[in-house]
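Single-structure report; data block below.
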Amino acid sequence: MTFFAGSIAEVTQTLRLDHLPTPFLYVDLDRMNSNIDVMAAAARGLGVHLRPHAKTHKVPEIARLQIAAGATGITVAKVSEAEVFADAGIDDLFVAYQVVAPAQLERLARLARSVPLRCAVDSREGAELLSRAATDAGLELSVMLEIDLGIGRTGVRAGVPACELAQRVTDLPSLKLIGVYGFRGFRGFAEGAESRETWGRAEGEALASAAEDLRSMGLPIVEVSAGSTPTALPAAGVRGVTEIRPGQYLFGCANVVAQGVMRADEVALFARATVISRADDRVIVDAGSKTLSTDESWKPGLGFGYLASDPSTRVVSVWEEHGVLGLGESAGGLRVGDRVSIVPNHVCTAVNLHDRLVGVHDDRIEAVWKIAARGRIQ
Ligand SMILES: Cc1ncc(COP(=O)(O)O)c(C=O)c1O
């Protein structure tokens, strides 16, 4: 895959990782490109479309790489994120989020005028609001019905509630119901590949079955969209699933490694940090919660990330500007001024804290991307 040079600056070939002041996030470009290609090939092999969740990177140039490798479009959560990607020419967007505020509905409808866009609904009130916004804008909005997959978040229960809501969406003016989707994520997984397979298949089957219920009412459901990084491939193997939306597969992080979803040598994003202090039992780096985020580990007790060179050395606690490393096998040798690479727990929340992403090949900086959709929470 050819590498798309960054939008902020095409940096010189001689600038190296340790020429930049810490802390910052960098991407191993070879690994990222491999992760993009592997997921695209897997989706192709399973006969499903790939619509990666762009909240993981928030960078239009990376979305373009995903699309060049075979993704059909991208998923975003917020209207403001969708605007950033649309402005950058990404033109097939799924806003997988319940948009209900008047100002955001207006923006959503405005956006739908210029780019192919689908939006989400899980309530009658939400459907009515979308319908009114679309009618006022004089257009038709494509709608995906979110099915509740049991994680205690959004979604309408499959069965009678989903059928009633689907009928309501169909009856409302200016809405076109095109599919169902759901998100299960990793919460509640037991460890191990078998569990992921089971949960992933169950996710795909729940969505395919919800789609069948709606088709039996005569509704033309064409899209059945499933899957986060842990569940995407098992869900994609279920007959009837048409699309997957993994996000974190792009970079990996400590949580997906702990889940066994990706190997440590597939992780592509790191926080570069400097040792600023040390004591007998701890090493302090300049990457704290403002660099790594405070998202906790999937497995209790694993802290806030690990040292890429020695996964037994973990960030055991964070202050805003300080990360405290518990001494693992190699931390004993760390000295003040040493630079280290840390794998954060959750890549999406870490990326959201930064303005720039540095792309690195063999220690050489090849691009600096603006994280254009960071902080877009409205
Ligand atoms: C609706 C939806 N789809 C897909 C994803 C992607 O999940 P992951 O980043 O674990 O791959 C998310 C993540 O939060 C999501 O909320």
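Chain identifiers are assigned as A, B, and so on, following the order in which chains appear in the structure tokens; residues are numbered from 1 within each chain, and ligands are numbered from 1 in order of appearance.
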>> To test your reading of the structure, identify every residue in region 127-254 of chain A that backbone DSSP assigns to alpha helix (DSSP H), and report it as number ranges by chain.
In response: A: 127-137, 160-171, 193-216, 232-236, 254
>> So that I can check the surroundings of Glu205 (chain A), please list as a PyMOL selection string every protein, DNA and RNA residue that reaches within 9 Å of it, counting only C-alpha atoms and ignoring chain neighbours fewer than 2 positions away.
In response: chain A and resi 200-203+207-210+235+238-241
Show which residues sit within 6 Å of region 281-291 of chain A, as a PDB file with N, CA and C atoms, in the first residue's frame. Count only C-alpha atoms, and ignore same-chain residues fewer than 2 positions away.
```pdb
ATOM      1  N   PRO A  23       5.332  14.416  25.635  1.00  0.00           N
ATOM      2  CA  PRO A  23       4.767  13.184  25.089  1.00  0.00           C
ATOM      3  C   PRO A  23       4.018  13.449  23.777  1.00  0.00           C
ATOM      4  N   ALA A 273       7.139   8.755  25.422  1.00  0.00           N
ATOM      5  CA  ALA A 273       7.249   9.480  26.693  1.00  0.00           C
ATOM      6  C   ALA A 273       8.696   9.465  27.166  1.00  0.00           C
ATOM      7  N   THR A 274       8.986  10.342  28.115  1.00  0.00           N
ATOM      8  CA  THR A 274      10.341  10.451  28.671  1.00  0.00           C
ATOM      9  C   THR A 274      10.286  10.166  30.172  1.00  0.00           C
ATOM     10  N   VAL A 275      11.278   9.438  30.662  1.00  0.00           N
ATOM     11  CA  VAL A 275      11.396   9.217  32.106  1.00  0.00           C
ATOM     12  C   VAL A 275      11.841  10.535  32.735  1.00  0.00           C
ATOM     13  N   ILE A 276      11.033  11.032  33.679  1.00  0.00           N
ATOM     14  CA  ILE A 276      11.380  12.324  34.295  1.00  0.00           C
ATOM     15  C   ILE A 276      11.848  12.171  35.737  1.00  0.00           C
ATOM     16  N   SER A 277      11.625  10.976  36.327  1.00  0.00           N
ATOM     17  CA  SER A 277      12.019  10.785  37.725  1.00  0.00           C
ATOM     18  C   SER A 277      12.011   9.297  38.000  1.00  0.00           C
ATOM     19  N   ARG A 278      12.807   8.875  38.977  1.00  0.00           N
ATOM     20  CA  ARG A 278      12.672   7.471  39.367  1.00  0.00           C
ATOM     21  C   ARG A 278      13.036   7.279  40.831  1.00  0.00           C
ATOM     22  N   ALA A 279      12.437   6.228  41.410  1.00  0.00           N
ATOM     23  CA  ALA A 279      12.744   5.842  42.783  1.00  0.00           C
ATOM     24  C   ALA A 279      13.005   4.343  42.746  1.00  0.00           C
ATOM     25  N   SER A 293      -5.225   8.940  28.500  1.00  0.00           N
ATOM     26  CA  SER A 293      -6.622   8.903  28.953  1.00  0.00           C
ATOM     27  C   SER A 293      -6.711   8.073  30.238  1.00  0.00           C
ATOM     28  N   THR A 294      -7.857   8.159  30.884  1.00  0.00           N
ATOM     29  CA  THR A 294      -8.032   7.413  32.137  1.00  0.00           C
ATOM     30  C   THR A 294      -8.869   6.161  31.920  1.00  0.00           C
ATOM     31  N   VAL A 318      -1.965   7.113  37.077  1.00  0.00           N
ATOM     32  CA  VAL A 318      -1.756   8.336  36.302  1.00  0.00           C
ATOM     33  C   VAL A 318      -2.217   9.561  37.074  1.00  0.00           C
ATOM     34  N   TRP A 319      -1.421  10.629  36.973  1.00  0.00           N
ATOM     35  CA  TRP A 319      -1.882  11.978  37.261  1.00  0.00           C
ATOM     36  C   TRP A 319      -2.021  12.651  35.907  1.00  0.00           C
ATOM     37  N   GLU A 320      -2.413  13.940  35.915  1.00  0.00           N
ATOM     38  CA  GLU A 320      -2.594  14.570  34.595  1.00  0.00           C
ATOM     39  C   GLU A 320      -1.338  14.476  33.737  1.00  0.00           C
ATOM     40  N   GLU A 321      -0.195  14.828  34.309  1.00  0.00           N
ATOM     41  CA  GLU A 321       1.038  14.912  33.517  1.00  0.00           C
ATOM     42  C   GLU A 321       2.064  13.851  33.919  1.00  0.00           C
ATOM     43  N   HIS A 322       1.684  12.936  34.785  1.00  0.00           N
ATOM     44  CA  HIS A 322       2.623  11.925  35.272  1.00  0.00           C
ATOM     45  C   HIS A 322       2.022  10.540  35.084  1.00  0.00           C
ATOM     46  N   GLY A 323       2.830   9.626  34.560  1.00  0.00           N
ATOM     47  CA  GLY A 323       2.460   8.215  34.548  1.00  0.00           C
ATOM     48  C   GLY A 323       3.461   7.470  35.416  1.00  0.00           C
ATOM     49  N   VAL A 324       2.964   6.605  36.275  1.00  0.00           N
ATOM     50  CA  VAL A 324       3.844   5.871  37.189  1.00  0.00           C
ATOM     51  C   VAL A 324       3.987   4.437  36.680  1.00  0.00           C
ATOM     52  N   LEU A 325       5.202   4.049  36.340  1.00  0.00           N
ATOM     53  CA  LEU A 325       5.447   2.686  35.852  1.00  0.00           C
ATOM     54  C   LEU A 325       5.807   1.791  37.034  1.00  0.00           C
ATOM     55  N   GLY A 326       5.076   0.692  37.177  1.00  0.00           N
ATOM     56  CA  GLY A 326       5.488  -0.335  38.135  1.00  0.00           C
ATOM     57  C   GLY A 326       6.670  -1.065  37.515  1.00  0.00           C
ATOM     58  N   LEU A 327       7.616  -1.462  38.319  1.00  0.00           N
ATOM     59  CA  LEU A 327       8.839  -2.043  37.757  1.00  0.00           C
ATOM     60  C   LEU A 327       8.613  -3.473  37.302  1.00  0.00           C
TER      61      LEU A 327
END
```
>> Please find the residues contacting ligand 1 at a distance of at most 9 Å between atoms, with only C-alpha atoms and all ligand atoms counted, and report them as an MDAnalysis selection string.
In response: chainID A and resid 51:56 75:77 95:97 146 181:186 225:232 244:250 256 346:348
>> Using Å and a single decimal, report how far CA of Ser123 (chain A) sits from CA of Arg374 (chain A).
In response: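 So the answer is 28.2 Å.
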> Closest to Ala264 (chain A) among A:Asp280, A:Arg113, A:Gly375, A:Arg31, using only C-alpha atoms?
Replying inline: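 Closest residue, counting only C-alpha atoms: A:Arg31.
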>> Which residue is closest to Ser297 (chain A)? Choose from A:Val368, A:Val100, A:Val261, A:Ala254 and count only C-alpha atoms.
In response: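 Result for the nearest residue to Ser297 (chain A): A:Ala254.
Ranking A:Cys163, A:Leu269, A:Ala258, A:Leu130 by their shortest atom-to-atom distance to Pro300 (chain A), with only C-alpha atoms included, puts A:Ala258 first.
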